[in-house]
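Comments concern the structure below.
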Amino acid sequence: MTTLNGIDPARLHTQLAPFPLDGTAKVSGEGTAIDFDAALQARATSRPATPRSQAPSAQAQALARDISALRLQSAAAQGRWQDGLLRIGTLRVRATDAELTGSNIEARPEGPSGKGQLQLSAPGTLVKFDGDVRERAGGGTLSAEVSDLARAFAWVQKLPGIPADLKAASASGRLSLNGSWQGGWSDPSVKAQLDVPAAEWHANTKDKASDEAAPPIKLQATSLSLNGRLAQAQLEAQGTLLQGQRTLKLQASAAGGRNRAGATLATSNWQATLRELHLTVLDPALSQNRTDAPWRINSRTPVTFSWAPAPGARGGGEFNASAGELVLTAPTKAAADSQAIVAWQPIEWRAGTLSTSGRITGLPLAWTELFGGPQAADSGVSGDVIFDGKWNAQLGKTMLIDAELARTRGDLAITTKDADTGVQSRIAAGVKDARLQLRSQGQAVTLRVNWDTEQLGTVTGEMRSQLTPVTSADGGTSWSWPETAPLSGEVRAGLPRIAAWSRLAPPGWRLKGSLAADVRIAGTREAPQLSGTLGADDLALRSIVDGIEFNNGKLRARLDGQRLIVDEFSLRGGGGGAQTGGTLKASGEAGLQNGQVRATLNATLDHLHASLRTDRLVTVSGQIQAGMDGSEATLDGKLRVDRARITLPDETAPTLGDDVVVRGAKERIGTGRAYPSDLASQKQTAAEGPTKKGATLKADVQIDLGDDFRLSGQGVDTRLAGQLQLATSGPVGTLPRATGVVNTVGGTFRAYSQQLNIETGEVRFNGPLTNPTLNVLALRPNYQSDQRVGVQITGSALLPRIRLYAQPELPDSEKLAWLILGRAAPSSGAESAMLQQAALAIVGGREGKSMASRFGLDELSFSGGGDTDTGTTGASLTFGKRISDKLYATYEHSLAGAMGTVFVYYELSKRWLLRGQAGERSAVDLIFTLSFD
């Protein structure tokens, strides 16, 4: 009997852990038998003791830390060692939160063999073992019940040697394992069942793509059963795996085992047969964000796999798989587009070379909408095209590939939707052939494409390059496409009927012409070099609604390295013969430098009919220079309006204001602006994330209105002249700033039911284009007096100030009388007459149009008293019409009598007026006017 008190093993040898022990130990022997009975317990100490003369090794210190982490309290064992056999009658090891007990334990390390009963109790876990393990015979049971996976995993994380990744992870849920075996360990008959009702695993790592924490992996209703011998066992698996919005449901059945009993596991030949496979994948990223549209993968025939290792051969071995078929079912709306079949011939991997061949049939183009997400669904490309593919490949030290994907039936359609009208337009491609081929022979690889349609043109091309083999440390060979790989090839494309694309244009737009391209490819993958030509003939663009018409267009461009050089681009304006519509000619180039787009364009306009609408006729000449440097665009130029006829509509269609929001289905904004308080706007903003820096524009364009710019409508009829400079610098879409002055040259303006002559018309720009300053003076012609009366407009476009004008100055009531009546207010009923006339102006409608103008007249007035100058007595009604700038005629009829009087005024000069009248009295008067204060 030996008593231990604070024994430090490190003092005995530096390789032992410095972990003080207390307890008793009894060892006795007789012959070859050694009996032992030990009961030890760890001494409570904050720091392990260390030898005074010699420090323990690093390995011993690590072992001490591991033992401390286990928080062992005691250990007791009683047994015998004899002739290589260890027998332990009782075993008990206790830690702070776990306990291991055993009885009737026998172990022969040289066998190896053993038997006994063991039980481990840990937080949330109970494991039991009762068995006899020998090479040829044996049997037993094993059970593990994890009622609280979170507590059990937290305990495992404290065990020695746990990797850092596992220490950062977490788990929860419950599971159970029950198994039994009969026979020796060389070929036992095994029956095991693993059940996972619910479990969750959180790795606490970040997703590389989004830099966000990866969602936890969850298992639900998962079970795995194994039944049979190692030579032939049955495996059944089913369950559900969830991660974020992804859901996988698996149901599989397999059978197999090793072919030769008695061999070690590493040197055994293995074979297995996958009898049945049913996999359901639900991923919104693969089904247009739908959460009820799963993909399904089902096996059609059993597939056999076999593996035969090559002893002593580095990286050796042979893997074989029999022929088989899988059915892929997609969540498409049309049943005809929902399934594709993948079938393969026997697969072989031997000596580092993989040989495989097969085919895929019924692959629908509609699946691209599911894989591509909302962008592909909204691209407008659809159709019922079905592709078939085939492959034959050998991948190893040498590579042979022969693969093809070709259209077998169906057609392609392109659909567009006008944003304003909602009208959809569709064009069928009329696909005759669509084929993609990939072939390789050694390092050389060739890609061929062929596209032939009735409406969308043709494309044929071939590109050649080289792959590079890379040998790994274990002797395996992989292939890569380095950036220095050479490129060569050619592409020819043609679109003989651009007019077919008119169906995709907005309503009213028409296209015409033909396109052709002949491109040759050279250089390397990192720096491809292009050469060849691009051309277009008989280009035409027309929109009757917008008044745009260009024809006789031509494009001549060439590729030089990484540049596109436009030698010639020309368009001729419409609206007349071949020589009357003006021309647009442009040239320039574009290319990539350091991954940035750089482009320049110079355009010349020569009397180009930019707009042909009857209310918007514009002819322009000048120069335009445009450029692009990365995300920075520039625009400069000088334009002159050769001729313009702009007619403003008297009435415009009503529109909703920005503060009116019309919501549609699923919180979509149909009309108006989504304010930050809007729920849909907040969701969209959160989904889009931080706003990326967009393109910027720096522009400086000078516009000369020329000598023939006429503006009419809404009471205005005048000619405009002047120069404007439009400039902007900032994000694309920023409103430009305008500098300059636009003046009216002559013209008239209708206000207060009168046709006023524009004396002064000045619109001065020095800031935003929408808010110029105004200085407009319009006067009523007066043939009988020097009194000047009219309307004056000052201020800005957003805050105008309108007032009556008189020179010499008059009270506002007198100004209104002169403006409406053309003379001073009479003493009798003056206020009533002015109010009546003002009422007529209001009834006349917007923009100053009077009731008289509705009958083709310029004056319709009522006078309440007699006029000694004209001879009319009593109330009278007057009709007036301006025949020319100097000739004016009126008819005045008394409401009290049956006679009327016709007056004709002709202005000889500023002071001399000739007046003739006929009616109850006839006369001709020559009037001289002298004004004084």
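Starting from 1 in every chain, residues are counted up; chains themselves are A, B, ... following the order of the structure tokens, and ligands are numbered from 1 as listed.
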Exercise. Any idea what's packed within 8 Å of Gln238 in chain A, counting only C-alpha atoms, ignoring anything in its chain fewer than 2 positions away? Could you give it as JSON, numbers by chain?
Worked result: {"A": [221, 222, 223, 224, 236, 240, 249, 250, 251, 252]}
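Distance check against His893 in chain A using only C-alpha atoms: of A:Lys191, A:Tyr906, A:Leu142, A:Thr878, the minimum falls on A:Thr878.
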Exercise. Nearest to Arg174 in chain A among A:Pro197, A:Gly324, A:Gly457, A:Gly476, with distances taken over only C-alpha atoms: which residue is it?
Worked result: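 Closest to Arg174 in chain A of all the choices is A:Pro197.
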Taking only C-alpha atoms into account, produce a table as JSON lines in which each residue of range 182-204 of chain A with an atom at most 12 Å from an atom of range 264-286 of chain A appears once, together with its shortest atom pair and the distance in Å to one decimal, ordered by chain and rising number.
{"residue": "A:Trp185", "atom": "CA", "partner": "A:Thr264", "partner_atom": "CA", "distance": 10.5}
{"residue": "A:Ser186", "atom": "CA", "partner": "A:Thr264", "partner_atom": "CA", "distance": 7.9}
{"residue": "A:Asp187", "atom": "CA", "partner": "A:Thr264", "partner_atom": "CA", "distance": 10.4}
Do a neighbour search on range 359-372 of chain A at 7 Å with only C-alpha atoms, toss out local chain neighbours closer than 5 positions, and write the hits as a PDB file with N, CA, C and O atoms, in the first residue's frame.
ATOM      1  N   LEU A 286     -32.973  30.621 -57.159  1.00  0.00           N
ATOM      2  CA  LEU A 286     -33.082  29.790 -58.357  1.00  0.00           C
ATOM      3  C   LEU A 286     -34.506  29.704 -58.867  1.00  0.00           C
ATOM      4  O   LEU A 286     -34.796  28.898 -59.756  1.00  0.00           O
ATOM      5  N   SER A 287     -35.418  30.519 -58.312  1.00  0.00           N
ATOM      6  CA  SER A 287     -36.824  30.437 -58.731  1.00  0.00           C
ATOM      7  C   SER A 287     -37.506  31.797 -58.680  1.00  0.00           C
ATOM      8  O   SER A 287     -38.649  31.894 -58.239  1.00  0.00           O
ATOM      9  N   GLN A 288     -36.766  32.845 -59.092  1.00  0.00           N
ATOM     10  CA  GLN A 288     -37.346  34.200 -59.170  1.00  0.00           C
ATOM     11  C   GLN A 288     -37.940  34.643 -57.838  1.00  0.00           C
ATOM     12  O   GLN A 288     -39.023  35.203 -57.770  1.00  0.00           O
ATOM     13  N   ASP A 337     -41.784  22.856 -70.409  1.00  0.00           N
ATOM     14  CA  ASP A 337     -40.469  23.412 -70.117  1.00  0.00           C
ATOM     15  C   ASP A 337     -39.944  22.998 -68.747  1.00  0.00           C
ATOM     16  O   ASP A 337     -38.990  23.581 -68.248  1.00  0.00           O
ATOM     17  N   GLN A 339     -38.953  19.793 -67.537  1.00  0.00           N
ATOM     18  CA  GLN A 339     -38.083  18.639 -67.301  1.00  0.00           C
ATOM     19  C   GLN A 339     -36.941  18.563 -68.308  1.00  0.00           C
ATOM     20  O   GLN A 339     -37.091  18.927 -69.471  1.00  0.00           O
ATOM     21  N   ALA A 340     -35.811  18.092 -67.810  1.00  0.00           N
ATOM     22  CA  ALA A 340     -34.658  17.763 -68.649  1.00  0.00           C
ATOM     23  C   ALA A 340     -34.055  16.472 -68.101  1.00  0.00           C
ATOM     24  O   ALA A 340     -34.156  16.185 -66.899  1.00  0.00           O
ATOM     25  N   ILE A 341     -33.429  15.728 -68.986  1.00  0.00           N
ATOM     26  CA  ILE A 341     -32.870  14.428 -68.601  1.00  0.00           C
ATOM     27  C   ILE A 341     -31.367  14.446 -68.845  1.00  0.00           C
ATOM     28  O   ILE A 341     -30.905  14.816 -69.927  1.00  0.00           O
ATOM     29  N   VAL A 342     -30.616  14.059 -67.817  1.00  0.00           N
ATOM     30  CA  VAL A 342     -29.165  13.925 -67.915  1.00  0.00           C
ATOM     31  C   VAL A 342     -28.845  12.440 -67.860  1.00  0.00           C
ATOM     32  O   VAL A 342     -29.168  11.761 -66.882  1.00  0.00           O
ATOM     33  N   ALA A 343     -28.220  11.932 -68.920  1.00  0.00           N
ATOM     34  CA  ALA A 343     -27.849  10.502 -68.995  1.00  0.00           C
ATOM     35  C   ALA A 343     -26.370  10.400 -69.297  1.00  0.00           C
ATOM     36  O   ALA A 343     -25.838  11.154 -70.115  1.00  0.00           O
ATOM     37  N   TRP A 344     -25.700   9.476 -68.636  1.00  0.00           N
ATOM     38  CA  TRP A 344     -24.270   9.307 -68.844  1.00  0.00           C
ATOM     39  C   TRP A 344     -23.932   7.826 -69.046  1.00  0.00           C
ATOM     40  O   TRP A 344     -24.621   6.938 -68.559  1.00  0.00           O
ATOM     41  N   ALA A 377     -35.503  37.701 -65.930  1.00  0.00           N
ATOM     42  CA  ALA A 377     -36.941  37.680 -66.175  1.00  0.00           C
ATOM     43  C   ALA A 377     -37.413  38.956 -66.840  1.00  0.00           C
ATOM     44  O   ALA A 377     -38.360  38.956 -67.631  1.00  0.00           O
ATOM     45  N   SER A 382     -37.544  35.531 -74.174  1.00  0.00           N
ATOM     46  CA  SER A 382     -38.326  34.367 -73.760  1.00  0.00           C
ATOM     47  C   SER A 382     -38.488  33.452 -74.972  1.00  0.00           C
ATOM     48  O   SER A 382     -37.972  33.726 -76.048  1.00  0.00           O
ATOM     49  N   GLY A 383     -39.225  32.388 -74.771  1.00  0.00           N
ATOM     50  CA  GLY A 383     -39.466  31.466 -75.863  1.00  0.00           C
ATOM     51  C   GLY A 383     -39.544  30.038 -75.390  1.00  0.00           C
ATOM     52  O   GLY A 383     -39.382  29.734 -74.197  1.00  0.00           O
ATOM     53  N   ASP A 384     -39.809  29.158 -76.339  1.00  0.00           N
ATOM     54  CA  ASP A 384     -39.946  27.729 -76.039  1.00  0.00           C
ATOM     55  C   ASP A 384     -38.819  26.925 -76.668  1.00  0.00           C
ATOM     56  O   ASP A 384     -39.003  25.758 -77.031  1.00  0.00           O
ATOM     57  N   VAL A 385     -37.632  27.537 -76.768  1.00  0.00           N
ATOM     58  CA  VAL A 385     -36.488  26.845 -77.359  1.00  0.00           C
ATOM     59  C   VAL A 385     -36.041  25.708 -76.438  1.00  0.00           C
ATOM     60  O   VAL A 385     -35.936  25.892 -75.222  1.00  0.00           O
ATOM     61  N   ILE A 386     -35.792  24.551 -77.034  1.00  0.00           N
ATOM     62  CA  ILE A 386     -35.309  23.373 -76.313  1.00  0.00           C
ATOM     63  C   ILE A 386     -33.937  22.997 -76.876  1.00  0.00           C
ATOM     64  O   ILE A 386     -33.748  22.920 -78.091  1.00  0.00           O
ATOM     65  N   PHE A 387     -32.988  22.779 -75.976  1.00  0.00           N
ATOM     66  CA  PHE A 387     -31.633  22.414 -76.359  1.00  0.00           C
ATOM     67  C   PHE A 387     -31.355  20.960 -75.971  1.00  0.00           C
ATOM     68  O   PHE A 387     -31.867  20.464 -74.956  1.00  0.00           O
ATOM     69  N   ASP A 388     -30.526  20.305 -76.783  1.00  0.00           N
ATOM     70  CA  ASP A 388     -29.952  19.006 -76.439  1.00  0.00           C
ATOM     71  C   ASP A 388     -28.429  19.150 -76.435  1.00  0.00           C
ATOM     72  O   ASP A 388     -27.869  19.922 -77.225  1.00  0.00           O
ATOM     73  N   GLY A 389     -27.796  18.433 -75.540  1.00  0.00           N
ATOM     74  CA  GLY A 389     -26.340  18.512 -75.456  1.00  0.00           C
ATOM     75  C   GLY A 389     -25.719  17.130 -75.336  1.00  0.00           C
ATOM     76  O   GLY A 389     -26.384  16.142 -74.989  1.00  0.00           O
ATOM     77  N   LYS A 390     -24.442  17.068 -75.616  1.00  0.00           N
ATOM     78  CA  LYS A 390     -23.694  15.820 -75.465  1.00  0.00           C
ATOM     79  C   LYS A 390     -22.247  16.158 -75.140  1.00  0.00           C
ATOM     80  O   LYS A 390     -21.775  17.260 -75.441  1.00  0.00           O
ATOM     81  N   TRP A 391     -21.559  15.210 -74.503  1.00  0.00           N
ATOM     82  CA  TRP A 391     -20.156  15.412 -74.173  1.00  0.00           C
ATOM     83  C   TRP A 391     -19.421  14.089 -74.188  1.00  0.00           C
ATOM     84  O   TRP A 391     -19.992  13.024 -73.976  1.00  0.00           O
TER      85      TRP A 391
END
Exercise. Near Leu495 in chain A, within 9 Å and counting only C-alpha atoms, which residues show up once chain neighbours fewer than 5 positions away are dropped, as an MDAnalysis selection string?
Worked result: chainID A and resid 455:459 513:516
Resulting file, chosen residues, N, CA and C atoms, as an mmCIF file, in the first residue's frame:
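Once everything was written out, this is part-v2.cif:
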data_model
loop_
_atom_site.group_PDB
_atom_site.id
_atom_site.type_symbol
_atom_site.label_atom_id
_atom_site.label_comp_id
_atom_site.auth_asym_id
_atom_site.auth_seq_id
_atom_site.Cartn_x
_atom_site.Cartn_y
_atom_site.Cartn_z
ATOM 1 N N GLN A 455 -35.202 36.679 -88.342
ATOM 2 C CA GLN A 455 -35.442 38.075 -87.986
ATOM 3 C C GLN A 455 -34.291 38.718 -87.228
ATOM 4 N N LEU A 456 -33.542 37.963 -86.449
ATOM 5 C CA LEU A 456 -32.504 38.526 -85.587
ATOM 6 C C LEU A 456 -31.105 38.312 -86.127
ATOM 7 N N GLY A 457 -30.990 37.989 -87.408
ATOM 8 C CA GLY A 457 -29.681 37.943 -88.024
ATOM 9 C C GLY A 457 -28.953 36.636 -87.813
ATOM 10 N N THR A 458 -27.660 36.652 -88.176
ATOM 11 C CA THR A 458 -26.813 35.466 -88.108
ATOM 12 C C THR A 458 -25.491 35.818 -87.434
ATOM 13 N N VAL A 459 -24.919 34.827 -86.742
ATOM 14 C CA VAL A 459 -23.599 34.964 -86.122
ATOM 15 C C VAL A 459 -22.878 33.642 -86.286
ATOM 16 N N GLY A 513 -32.817 49.316 -92.084
ATOM 17 C CA GLY A 513 -31.404 49.246 -92.403
ATOM 18 C C GLY A 513 -30.870 47.839 -92.266
ATOM 19 N N SER A 514 -29.556 47.722 -92.368
ATOM 20 C CA SER A 514 -28.884 46.428 -92.241
ATOM 21 C C SER A 514 -27.536 46.639 -91.565
ATOM 22 N N LEU A 515 -27.098 45.618 -90.819
ATOM 23 C CA LEU A 515 -25.832 45.660 -90.093
ATOM 24 C C LEU A 515 -24.973 44.466 -90.502
ATOM 25 N N ALA A 516 -23.652 44.661 -90.453
ATOM 26 C CA ALA A 516 -22.725 43.571 -90.745
ATOM 27 C C ALA A 516 -21.437 43.808 -89.975
#
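Straight-line separation from CA of Val431 in chain A to CA of Arg448 in chain A: 17.6 Å.
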Exercise. Within 9 Å of Trp155 in chain A, counting only C-alpha atoms, which residues qualify if same-chain residues fewer than 4 places away don't, as a ChimeraX atom specification?
Worked result: /A:97-98,122-123,150-151,159
Same residues, N, CA and C atoms, saved as a PDB file, in the first residue's frame:
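Final output, again_9.pdb:
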ATOM      1  N   ASP A  97     -18.160  17.848 -14.333  1.00  0.00           N
ATOM      2  CA  ASP A  97     -19.474  17.760 -14.955  1.00  0.00           C
ATOM      3  C   ASP A  97     -19.630  16.500 -15.807  1.00  0.00           C
ATOM      4  N   ALA A  98     -18.791  15.490 -15.614  1.00  0.00           N
ATOM      5  CA  ALA A  98     -18.897  14.253 -16.392  1.00  0.00           C
ATOM      6  C   ALA A  98     -18.350  13.092 -15.585  1.00  0.00           C
ATOM      7  N   ALA A 122     -22.353  12.863 -19.462  1.00  0.00           N
ATOM      8  CA  ALA A 122     -21.847  14.218 -19.654  1.00  0.00           C
ATOM      9  C   ALA A 122     -23.038  15.159 -19.767  1.00  0.00           C
ATOM     10  N   PRO A 123     -22.826  16.462 -19.733  1.00  0.00           N
ATOM     11  CA  PRO A 123     -23.960  17.402 -19.826  1.00  0.00           C
ATOM     12  C   PRO A 123     -24.793  17.128 -21.070  1.00  0.00           C
ATOM     13  N   ALA A 150     -26.874  21.564 -27.139  1.00  0.00           N
ATOM     14  CA  ALA A 150     -26.164  22.797 -26.785  1.00  0.00           C
ATOM     15  C   ALA A 150     -25.229  22.556 -25.599  1.00  0.00           C
ATOM     16  N   ARG A 151     -25.722  21.874 -24.545  1.00  0.00           N
ATOM     17  CA  ARG A 151     -24.884  21.591 -23.383  1.00  0.00           C
ATOM     18  C   ARG A 151     -23.790  20.598 -23.733  1.00  0.00           C
ATOM     19  N   LEU A 159     -12.805  20.071 -24.280  1.00  0.00           N
ATOM     20  CA  LEU A 159     -11.874  18.948 -24.310  1.00  0.00           C
ATOM     21  C   LEU A 159     -10.564  19.352 -24.955  1.00  0.00           C
TER      22      LEU A 159
END
